[in-house]
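Novice: My structure is in start.pdb, and what it holds is PDB, C-alpha atoms and all ligand atoms:
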ATOM      1  CA  MET A 427     -13.010  -4.798  13.409  1.00  0.00           C
ATOM      2  CA  SER A 428     -14.314  -2.195  11.013  1.00  0.00           C
ATOM      3  CA  THR A 429     -16.456  -3.772   8.328  1.00  0.00           C
ATOM      4  CA  ASN A 430     -17.595  -0.816   6.176  1.00  0.00           C
ATOM      5  CA  ASN A 431     -17.253  -2.870   3.045  1.00  0.00           C
ATOM      6  CA  SER A 432     -17.750  -6.350   4.391  1.00  0.00           C
ATOM      7  CA  HIS A 433     -20.565  -6.963   1.906  1.00  0.00           C
ATOM      8  CA  LYS A 434     -17.896  -7.307  -0.724  1.00  0.00           C
ATOM      9  CA  SER A 435     -16.578 -10.485   0.829  1.00  0.00           C
ATOM     10  CA  GLN A 436     -19.948 -12.119   0.406  1.00  0.00           C
ATOM     11  CA  ASN A 437     -20.396 -11.060  -3.181  1.00  0.00           C
ATOM     12  CA  SER A 438     -17.002 -11.615  -4.667  1.00  0.00           C
ATOM     13  CA  HIS A 439     -15.912 -15.035  -5.764  1.00  0.00           C
ATOM     14  CA  ASP A 440     -13.196 -13.906  -8.129  1.00  0.00           C
ATOM     15  CA  HIS A 441     -10.324 -16.247  -7.587  1.00  0.00           C
ATOM     16  CA  ASP A 442      -7.304 -14.577  -9.047  1.00  0.00           C
ATOM     17  CA  LYS A 443      -4.361 -16.723 -10.029  1.00  0.00           C
ATOM     18  CA  ASP A 444      -1.252 -14.757  -9.282  1.00  0.00           C
ATOM     19  CA  SER A 445       2.417 -15.088 -10.031  1.00  0.00           C
ATOM     20  CA  ASP A 446       3.182 -14.131  -6.426  1.00  0.00           C
ATOM     21  CA  SER A 447       1.115 -17.009  -5.118  1.00  0.00           C
ATOM     22  CA  HIS A 448       4.068 -18.502  -3.213  1.00  0.00           C
ATOM     23  CA  VAL A 449       4.004 -15.435  -0.930  1.00  0.00           C
ATOM     24  CA  TYR A 450       0.226 -15.461  -0.665  1.00  0.00           C
ATOM     25  CA  GLU A 451       0.410 -19.128   0.305  1.00  0.00           C
ATOM     26  CA  GLU A 452       2.038 -18.040   3.552  1.00  0.00           C
ATOM     27  CA  ALA A 453      -1.406 -16.747   4.560  1.00  0.00           C
ATOM     28  CA  HIS A 454      -2.485 -20.384   4.781  1.00  0.00           C
ATOM     29  CA  LYS A 455      -0.616 -20.560   8.082  1.00  0.00           C
ATOM     30  CA  CYS A 456      -2.989 -17.951   9.571  1.00  0.00           C
ATOM     31  CA  TYR A 457      -5.491 -19.415  12.017  1.00  0.00           C
ATOM     32  CA  GLN A 458      -7.401 -16.154  12.551  1.00  0.00           C
ATOM     33  CA  CYS A 459      -6.378 -15.543  16.149  1.00  0.00           C
ATOM     34  CA  GLY A 460      -6.665 -11.771  15.628  1.00  0.00           C
ATOM     35  CA  LYS A 461      -3.412 -10.861  17.390  1.00  0.00           C
ATOM     36  CA  CYS A 462      -2.227  -8.881  14.371  1.00  0.00           C
ATOM     37  CA  PHE A 463      -5.382  -6.781  14.456  1.00  0.00           C
ATOM     38  CA  ALA A 464      -5.134  -6.203  18.216  1.00  0.00           C
ATOM     39  CA  GLY A 465      -1.710  -4.597  17.837  1.00  0.00           C
ATOM     40  CA  CYS A 466      -2.281  -2.647  14.633  1.00  0.00           C
ATOM     41  CA  PRO A 467      -2.018   1.137  15.129  1.00  0.00           C
ATOM     42  CA  MET A 468      -3.903   1.788  11.881  1.00  0.00           C
ATOM     43  CA  SER A 469      -6.850  -0.516  12.520  1.00  0.00           C
ATOM     44  CA  ASP A 470      -9.246   2.368  13.240  1.00  0.00           C
ATOM     45  CA  VAL A 471      -8.948   3.691   9.721  1.00  0.00           C
ATOM     46  CA  MET A 472      -8.849   0.370   7.891  1.00  0.00           C
ATOM     47  CA  ASP A 473     -11.874  -0.902   5.953  1.00  0.00           C
ATOM     48  CA  ILE A 474     -11.041  -4.420   7.077  1.00  0.00           C
ATOM     49  CA  SER A 475      -8.521  -5.723   9.590  1.00  0.00           C
ATOM     50  CA  PRO A 476      -5.230  -7.418   8.700  1.00  0.00           C
ATOM     51  CA  THR A 477      -6.794 -10.613  10.082  1.00  0.00           C
ATOM     52  CA  HIS A 478      -9.693 -10.347   7.634  1.00  0.00           C
ATOM     53  CA  LEU A 479      -7.251  -9.528   4.858  1.00  0.00           C
ATOM     54  CA  MET A 480      -5.197 -12.669   5.580  1.00  0.00           C
ATOM     55  CA  ARG A 481      -8.403 -14.690   5.365  1.00  0.00           C
ATOM     56  CA  LEU A 482      -9.162 -13.260   1.919  1.00  0.00           C
ATOM     57  CA  VAL A 483      -5.647 -14.010   0.729  1.00  0.00           C
ATOM     58  CA  HIS A 484      -5.929 -17.508   2.170  1.00  0.00           C
ATOM     59  CA  LEU A 485      -9.093 -17.953   0.080  1.00  0.00           C
ATOM     60  CA  ASN A 486      -7.244 -16.545  -2.936  1.00  0.00           C
ATOM     61  CA  GLU A 487      -9.663 -13.614  -3.116  1.00  0.00           C
ATOM     62  CA  ILE A 488      -6.862 -11.354  -4.303  1.00  0.00           C
ATOM     63  CA  LYS A 489      -9.004  -8.933  -6.279  1.00  0.00           C
ATOM     64  CA  GLU A 490     -11.234  -8.351  -3.326  1.00  0.00           C
ATOM     65  CA  ALA A 491      -8.288  -7.961  -0.960  1.00  0.00           C
ATOM     66  CA  MET A 492      -6.939  -5.224  -3.258  1.00  0.00           C
ATOM     67  CA  SER A 493     -10.209  -3.309  -3.157  1.00  0.00           C
ATOM     68  CA  TYR A 494      -9.952  -2.264   0.504  1.00  0.00           C
ATOM     69  CA  ASN A 495      -8.036   0.699   1.864  1.00  0.00           C
ATOM     70  CA  THR A 496      -6.258  -1.597   4.346  1.00  0.00           C
ATOM     71  CA  ILE A 497      -3.341  -2.219   1.997  1.00  0.00           C
ATOM     72  CA  TRP A 498      -2.848   1.523   1.512  1.00  0.00           C
ATOM     73  CA  VAL A 499      -3.073   2.724   5.084  1.00  0.00           C
ATOM     74  CA  CYS A 500      -0.820  -0.006   6.473  1.00  0.00           C
ATOM     75  CA  ALA A 501       2.231   1.789   7.838  1.00  0.00           C
ATOM     76  CA  ALA A 502       4.491  -1.270   7.518  1.00  0.00           C
ATOM     77  CA  CYS A 503       5.359  -0.899  11.187  1.00  0.00           C
ATOM     78  CA  GLU A 504       5.557  -4.702  11.528  1.00  0.00           C
ATOM     79  CA  SER A 505       3.960  -4.816  14.957  1.00  0.00           C
ATOM     80  CA  CYS A 506       1.479  -7.367  13.574  1.00  0.00           C
ATOM     81  CA  MET A 507       4.334  -9.614  12.535  1.00  0.00           C
ATOM     82  CA  THR A 508       6.024  -9.478  15.906  1.00  0.00           C
ATOM     83  CA  ARG A 509       2.726 -10.618  17.466  1.00  0.00           C
ATOM     84  CA  CYS A 510       1.834 -13.286  14.947  1.00  0.00           C
ATOM     85  CA  PRO A 511       2.309 -16.758  16.451  1.00  0.00           C
ATOM     86  CA  GLN A 512       2.425 -18.245  12.963  1.00  0.00           C
ATOM     87  CA  GLN A 513       5.080 -15.932  11.480  1.00  0.00           C
ATOM     88  CA  VAL A 514       2.778 -14.968   8.630  1.00  0.00           C
ATOM     89  CA  PRO A 515       4.659 -12.368   6.512  1.00  0.00           C
ATOM     90  CA  ILE A 516       1.772  -9.901   6.750  1.00  0.00           C
ATOM     91  CA  VAL A 517       3.770  -6.863   5.675  1.00  0.00           C
ATOM     92  CA  GLU A 518       5.210  -8.643   2.659  1.00  0.00           C
ATOM     93  CA  ILE A 519       1.741  -9.772   1.625  1.00  0.00           C
ATOM     94  CA  MET A 520       0.395  -6.215   2.098  1.00  0.00           C
ATOM     95  CA  ASP A 521       3.241  -4.893   0.000  1.00  0.00           C
ATOM     96  CA  LEU A 522       2.567  -7.296  -2.848  1.00  0.00           C
ATOM     97  CA  LEU A 523      -1.135  -6.485  -2.844  1.00  0.00           C
ATOM     98  CA  ARG A 524      -0.317  -2.784  -2.872  1.00  0.00           C
ATOM     99  CA  GLN A 525       2.127  -3.134  -5.755  1.00  0.00           C
ATOM    100  CA  LYS A 526      -0.336  -5.178  -7.743  1.00  0.00           C
ATOM    101  CA  ALA A 527      -3.213  -2.748  -7.127  1.00  0.00           C
ATOM    102  CA  PHE A 528      -0.992   0.219  -7.966  1.00  0.00           C
ATOM    103  CA  LYS A 529       0.139  -1.432 -11.175  1.00  0.00           C
ATOM    104  CA  LYS A 530      -3.457  -2.009 -12.240  1.00  0.00           C
ATOM    105  CA  ILE A 531      -4.365   1.601 -11.570  1.00  0.00           C
ATOM    106  CA  GLN A 532      -1.289   2.844 -13.435  1.00  0.00           C
ATOM    107  CA  ASN A 533      -2.086   0.607 -16.391  1.00  0.00           C
ATOM    108  CA  GLY A 534      -5.605   1.984 -16.504  1.00  0.00           C
ATOM    109  CA  GLU A 535      -7.028  -1.483 -15.771  1.00  0.00           C
ATOM    110  CA  SER A 536      -8.742  -0.112 -12.694  1.00  0.00           C
ATOM    111  CA  ASP A 537      -9.532   3.395 -11.474  1.00  0.00           C
ATOM    112  CA  GLY A 538      -9.367   2.176  -7.931  1.00  0.00           C
ATOM    113  CA  GLU A 539     -12.226   2.554  -5.517  1.00  0.00           C
ATOM    114  CA  GLU A 540     -13.335   6.159  -5.054  1.00  0.00           C
ATOM    115  CA  SER A 541     -12.491   5.935  -1.357  1.00  0.00           C
ATOM    116  CA  ILE A 542      -8.865   5.000  -1.977  1.00  0.00           C
ATOM    117  CA  LYS A 543      -8.103   7.391  -4.828  1.00  0.00           C
ATOM    118  CA  ASN A 544      -6.473   9.976  -2.595  1.00  0.00           C
ATOM    119  CA  VAL A 545      -4.581   7.298  -0.692  1.00  0.00           C
ATOM    120  CA  VAL A 546      -3.180   6.068  -3.999  1.00  0.00           C
ATOM    121  CA  LEU A 547      -2.328   9.646  -4.982  1.00  0.00           C
ATOM    122  CA  ALA A 548      -0.493  10.163  -1.680  1.00  0.00           C
ATOM    123  CA  HIS A 549       1.395   6.895  -2.236  1.00  0.00           C
ATOM    124  CA  LYS A 550       2.476   7.968  -5.734  1.00  0.00           C
ATOM    125  CA  LEU A 551       3.528  11.475  -4.653  1.00  0.00           C
ATOM    126  CA  PHE A 552       5.404  10.116  -1.643  1.00  0.00           C
ATOM    127  CA  LEU A 553       7.503   7.846  -3.876  1.00  0.00           C
ATOM    128  CA  GLU A 554       8.174  10.663  -6.368  1.00  0.00           C
ATOM    129  CA  ASN A 555       9.167  12.964  -3.510  1.00  0.00           C
ATOM    130  CA  VAL A 556      11.561  10.420  -2.025  1.00  0.00           C
ATOM    131  CA  LYS A 557      13.023   9.663  -5.439  1.00  0.00           C
ATOM    132  CA  PHE A 558      13.716  13.334  -6.091  1.00  0.00           C
ATOM    133  CA  PHE A 559      15.133  14.362  -2.703  1.00  0.00           C
ATOM    134  CA  GLY A 560      16.363  11.022  -1.366  1.00  0.00           C
ATOM    135  CA  ARG A 561      14.142  11.619   1.660  1.00  0.00           C
ATOM    136  CA  VAL A 562      10.750  13.160   2.291  1.00  0.00           C
ATOM    137  CA  PHE A 563      10.501  16.904   1.801  1.00  0.00           C
ATOM    138  CA  GLU A 564       7.181  17.569   3.506  1.00  0.00           C
ATOM    139  CA  PRO A 565       6.285  21.021   2.090  1.00  0.00           C
ATOM    140  CA  ALA A 566       6.629  19.786  -1.500  1.00  0.00           C
ATOM    141  CA  LEU A 567       4.733  16.604  -0.719  1.00  0.00           C
ATOM    142  CA  ALA A 568       1.870  18.438   1.017  1.00  0.00           C
ATOM    143  CA  GLY A 569       1.721  21.096  -1.714  1.00  0.00           C
ATOM    144  CA  MET A 570       1.584  18.564  -4.541  1.00  0.00           C
ATOM    145  CA  TYR A 571      -0.980  16.522  -2.693  1.00  0.00           C
ATOM    146  CA  ASN A 572      -3.299  19.490  -2.059  1.00  0.00           C
ATOM    147  CA  LEU A 573      -2.925  20.612  -5.656  1.00  0.00           C
ATOM    148  CA  GLN A 574      -3.607  17.259  -7.269  1.00  0.00           C
ATOM    149  CA  SER A 575      -6.341  16.151  -4.897  1.00  0.00           C
ATOM    150  CA  LEU A 576      -8.046  19.549  -5.421  1.00  0.00           C
ATOM    151  CA  ASP A 577      -8.277  19.850  -1.641  1.00  0.00           C
ATOM    152  CA  TRP A 578      -6.174  23.036  -1.800  1.00  0.00           C
ATOM    153  CA  PHE A 579      -6.416  24.144   1.798  1.00  0.00           C
ATOM    154  CA  LYS A 580      -6.091  20.789   3.483  1.00  0.00           C
ATOM    155  CA  ASP A 581      -4.133  21.117   6.761  1.00  0.00           C
ATOM    156  CA  VAL A 582      -2.768  24.577   5.856  1.00  0.00           C
ATOM    157  CA  GLU A 583      -3.646  25.821   9.344  1.00  0.00           C
ATOM    158  CA  LYS A 584      -1.090  23.370  10.763  1.00  0.00           C
ATOM    159  CA  GLY A 585       1.726  24.847   8.668  1.00  0.00           C
ATOM    160  CA  PRO A 586       2.729  27.799  10.897  1.00  0.00           C
ATOM    161  CA  SER A 587       2.934  25.836  14.169  1.00  0.00           C
ATOM    162  CA  MET A 588       4.893  23.060  12.460  1.00  0.00           C
ATOM    163  CA  PHE A 589       7.222  25.639  10.958  1.00  0.00           C
ATOM    164  CA  PHE A 590       7.910  27.346  14.320  1.00  0.00           C
ATOM    165  CA  LYS A 591       8.577  23.964  15.920  1.00  0.00           C
ATOM    166  CA  GLY A 592      11.164  23.308  13.233  1.00  0.00           C
ATOM    167  CA  LYS A 593       9.164  20.454  11.721  1.00  0.00           C
ATOM    168  CA  LEU A 594       8.653  22.094   8.352  1.00  0.00           C
ATOM    169  CA  PRO A 595      11.912  22.886   6.595  1.00  0.00           C
ATOM    170  CA  ILE A 596      11.784  25.474   3.842  1.00  0.00           C
ATOM    171  CA  ILE A 597      14.936  24.396   2.079  1.00  0.00           C
ATOM    172  CA  PRO A 598      15.070  20.772   0.961  1.00  0.00           C
ATOM    173  CA  HIS A 599      18.083  18.664   1.842  1.00  0.00           C
ATOM    174  CA  ARG A 600      19.077  16.186  -0.755  1.00  0.00           C
ATOM    175  CA  ILE A 601      20.927  13.142   0.481  1.00  0.00           C
ATOM    176  CA  LYS A 602      24.459  12.379  -0.616  1.00  0.00           C
ATOM    177  CA  GLY A 603      24.695   9.854  -3.419  1.00  0.00           C
ATOM    178  CA  ILE A 604      21.297  10.731  -4.858  1.00  0.00           C
ATOM    179  CA  LYS A 605      22.342   9.267  -8.221  1.00  0.00           C
ATOM    180  CA  SER A 606      22.901   5.818  -6.737  1.00  0.00           C
ATOM    181  CA  PHE A 607      19.669   6.192  -4.839  1.00  0.00           C
ATOM    182  CA  LYS A 608      17.751   6.955  -8.029  1.00  0.00           C
ATOM    183  CA  LYS A 609      19.196   3.813  -9.575  1.00  0.00           C
ATOM    184  CA  ILE A 610      17.182   1.798  -7.039  1.00  0.00           C
ATOM    185  CA  PHE A 611      14.009   3.385  -8.399  1.00  0.00           C
ATOM    186  CA  ASP A 612      15.133   2.842 -11.990  1.00  0.00           C
ATOM    187  CA  ASN A 613      15.864  -0.819 -11.297  1.00  0.00           C
ATOM    188  CA  CYS A 614      12.455  -1.232  -9.679  1.00  0.00           C
ATOM    189  CA  LYS A 615      10.823   0.454 -12.670  1.00  0.00           C
ATOM    190  CA  ARG A 616      12.633  -1.892 -15.061  1.00  0.00           C
ATOM    191  CA  LYS A 617      11.619  -4.882 -12.968  1.00  0.00           C
ATOM    192  CA  HIS A 618       8.022  -3.642 -12.953  1.00  0.00           C
ATOM    193  CA  GLU A 619       8.047  -3.226 -16.751  1.00  0.00           C
ATOM    194  CA  ASN A 620       9.474  -6.720 -17.236  1.00  0.00           C
ATOM    195  CA  GLU A 621       6.855  -8.195 -14.926  1.00  0.00           C
ATOM    196  CA  ASN A 622       4.144  -6.323 -16.819  1.00  0.00           C
ATOM    197  CA  GLU A 623       5.394  -7.636 -20.117  1.00  0.00           C
ATOM    198  CA  HIS A 624       5.582 -11.140 -18.701  1.00  0.00           C
ATOM    199  CA  GLU A 625       2.046 -10.898 -17.294  1.00  0.00           C
ATOM    200  CA  HIS A 626       0.579  -9.635 -20.566  1.00  0.00           C
ATOM    201  CA  LYS A 627       2.317 -12.421 -22.481  1.00  0.00           C
ATOM    202  CA  HIS A 628       0.991 -14.935 -19.980  1.00  0.00           C
ATOM    203  CA  GLU A 629      -2.546 -13.542 -20.315  1.00  0.00           C
ATOM    204  CA  HIS A 630      -2.438 -13.662 -24.135  1.00  0.00           C
ATOM    205  CA  GLU A 631      -1.220 -17.251 -24.076  1.00  0.00           C
ATOM    206  CA  HIS A 632      -4.273 -18.199 -22.009  1.00  0.00           C
ATOM    207  CA  GLU A 633      -6.854 -16.293 -24.087  1.00  0.00           C
TER     208      GLU A 633
HETATM  209  S1  LIG A 701       2.401  -3.438   9.542  1.00  0.00           S
HETATM  210 FE1  LIG A 701       0.450  -2.604   8.824  1.00  0.00          FE
HETATM  211  S2  LIG A 701      -1.044  -4.166   9.343  1.00  0.00           S
HETATM  212 FE2  LIG A 701       0.790  -4.599  10.535  1.00  0.00          FE
HETATM  213  S3  LIG A 701       0.474  -3.581  12.496  1.00  0.00           S
HETATM  214 FE3  LIG A 701       1.605  -2.164  11.209  1.00  0.00          FE
HETATM  215  S4  LIG A 701       0.049  -0.887  10.202  1.00  0.00           S
HETATM  216 FE4  LIG A 701      -1.002  -2.703  11.038  1.00  0.00          FE
HETATM  217  S1  LIG A 702      -1.640 -12.895  14.201  1.00  0.00           S
HETATM  218 FE1  LIG A 702      -1.005 -14.291  12.558  1.00  0.00          FE
HETATM  219  S2  LIG A 702      -2.185 -16.130  12.861  1.00  0.00           S
HETATM  220 FE2  LIG A 702      -3.170 -14.549  14.076  1.00  0.00          FE
HETATM  221  S3  LIG A 702      -4.742 -13.678  12.712  1.00  0.00           S
HETATM  222 FE3  LIG A 702      -2.931 -12.438  12.417  1.00  0.00          FE
HETATM  223  S4  LIG A 702      -1.850 -13.383  10.682  1.00  0.00           S
HETATM  224 FE4  LIG A 702      -3.336 -14.859  11.457  1.00  0.00          FE
END
Can you give me the file's structure in the form of structure tokens?
Specialist:
Amino acid sequence: MSTNNSHKSQNSHDHDKDSDSHVYEEAHKCYQCGKCFAGCPMSDVMDISPTHLMRLVHLNEIKEAMSYNTIWVCAACESCMTRCPQQVPIVEIMDLLRQKAFKKIQNGESDGEESIKNVVLAHKLFLENVKFFGRVFEPALAGMYNLQSLDWFKDVEKGPSMFFKGKLPIIPHRIKGIKSFKKIFDNCKRKHENENEHEHKHEHEHE
């Protein structure tokens, strides 16, 4: 298990009450067997393992759990869930943590850790790209990423070989029914705004 930032778990005792606690409660079923970690294809690049993450969620250390890159680099492949003997909804928990962290960054409540800034940028651009084309259009995604991350020449040397292998289309293909597809994003945005409003109201009531 990679523990680059494991000091954080010792220092943080911020217990964060959360409206999604019913999902987080599923982490209570975890008995730390480590099978999820053993099968995770992204474990090499994670700050902490999914097993460690489930432990933090179990302890209600939500703020700390959100501070690691684990939630951002998770590929949602679900291989951890197929291995988990306790049917812990790891991917759903990851997704909630990611949404919550993203919301905080968008609302300016947190800049995000320096190390995850570009991961968050990639996440944002990926969603915008999918919303616009209905599927990923890699050249636009890579171009926007390089531009906004100021890493202008990142991976450009891979472009030609990908192009000649037919992996880098020049003309984007928009899916049929893009309008209906965009409605999904609009509905999510509305839901997100309502949740935000609800959360702020809740916070003011408890001030
Ligand atoms: S869903 Fe995420 S945490 Fe689970 S195995 Fe895949 S990459 Fe790892
Ligand atoms: S496989 Fe399931 S029970 Fe085992 S550590 Fe992972 S989440 Fe916990």
Novice: Assuming the chain letters and numbering stay as they are in my file, what does the PyMOL selection byres (((not hetatm)) within 12 of (chain A and resi 701)) actually select? List them as number ranges by chain.
Specialist: A: 460-480, 495-510, 514-521, 524
Novice: Quick one: pull the distance between atom CA of A:Lys529 and atom CA of A:His448, Å, one decimal.
Specialist: 19.2 Å
Novice: With all atoms listed in the file as the atoms that count, which of A:His624, A:Glu554, A:Gly585, A:Ala453 lies nearest to A:Leu485?
Specialist: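 The answer is A:Ala453, which sits nearest to A:Leu485.
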Novice: If you take every atom of ligand LIG 702 (chain A) that the file lists and fit an axis-aligned box around them with 8 Å extra on each side, what centre and edge lengths come out in Å to one decimal, as JSON?
Specialist:
{"center_x": -2.9, "center_y": -14.3, "center_z": 12.4, "size_x": 19.7, "size_y": 19.7, "size_z": 19.5}
Novice: What gap, in Å, lies between atom CA of A:Lys489 and atom CA of A:Ser575?
Specialist: 25.3 Å
Novice: Calculated over all atoms listed in the file, which of the candidates A:Gln574, A:Gly560, A:Glu619, A:Leu482 has the smallest distance to A:Arg600?
Specialist: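 Nearest candidate to A:Arg600 out of A:Gln574, A:Gly560, A:Glu619, A:Leu482: A:Gly560.
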Novice: Looking at A:Phe611, A:Gln513, A:Met492, A:Val545, which one is nearest to ligand LIG 702 (chain A), with distances taken over all atoms listed in the file?
Specialist: A:Gln513
Novice: What gap, in Å, lies between atom CA of A:His484 and atom CA of A:His454?
Specialist: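 Rounded to one decimal, the two atoms are 5.2 Å apart.
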Novice: Given the choices A:Ala568, A:Cys456, A:Val449, A:Leu594, which gets closest to A:Gln512 if the distance is worked out from all atoms listed in the file?
Specialist: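 With all atoms listed in the file as the atom set, the closest residue is A:Cys456.
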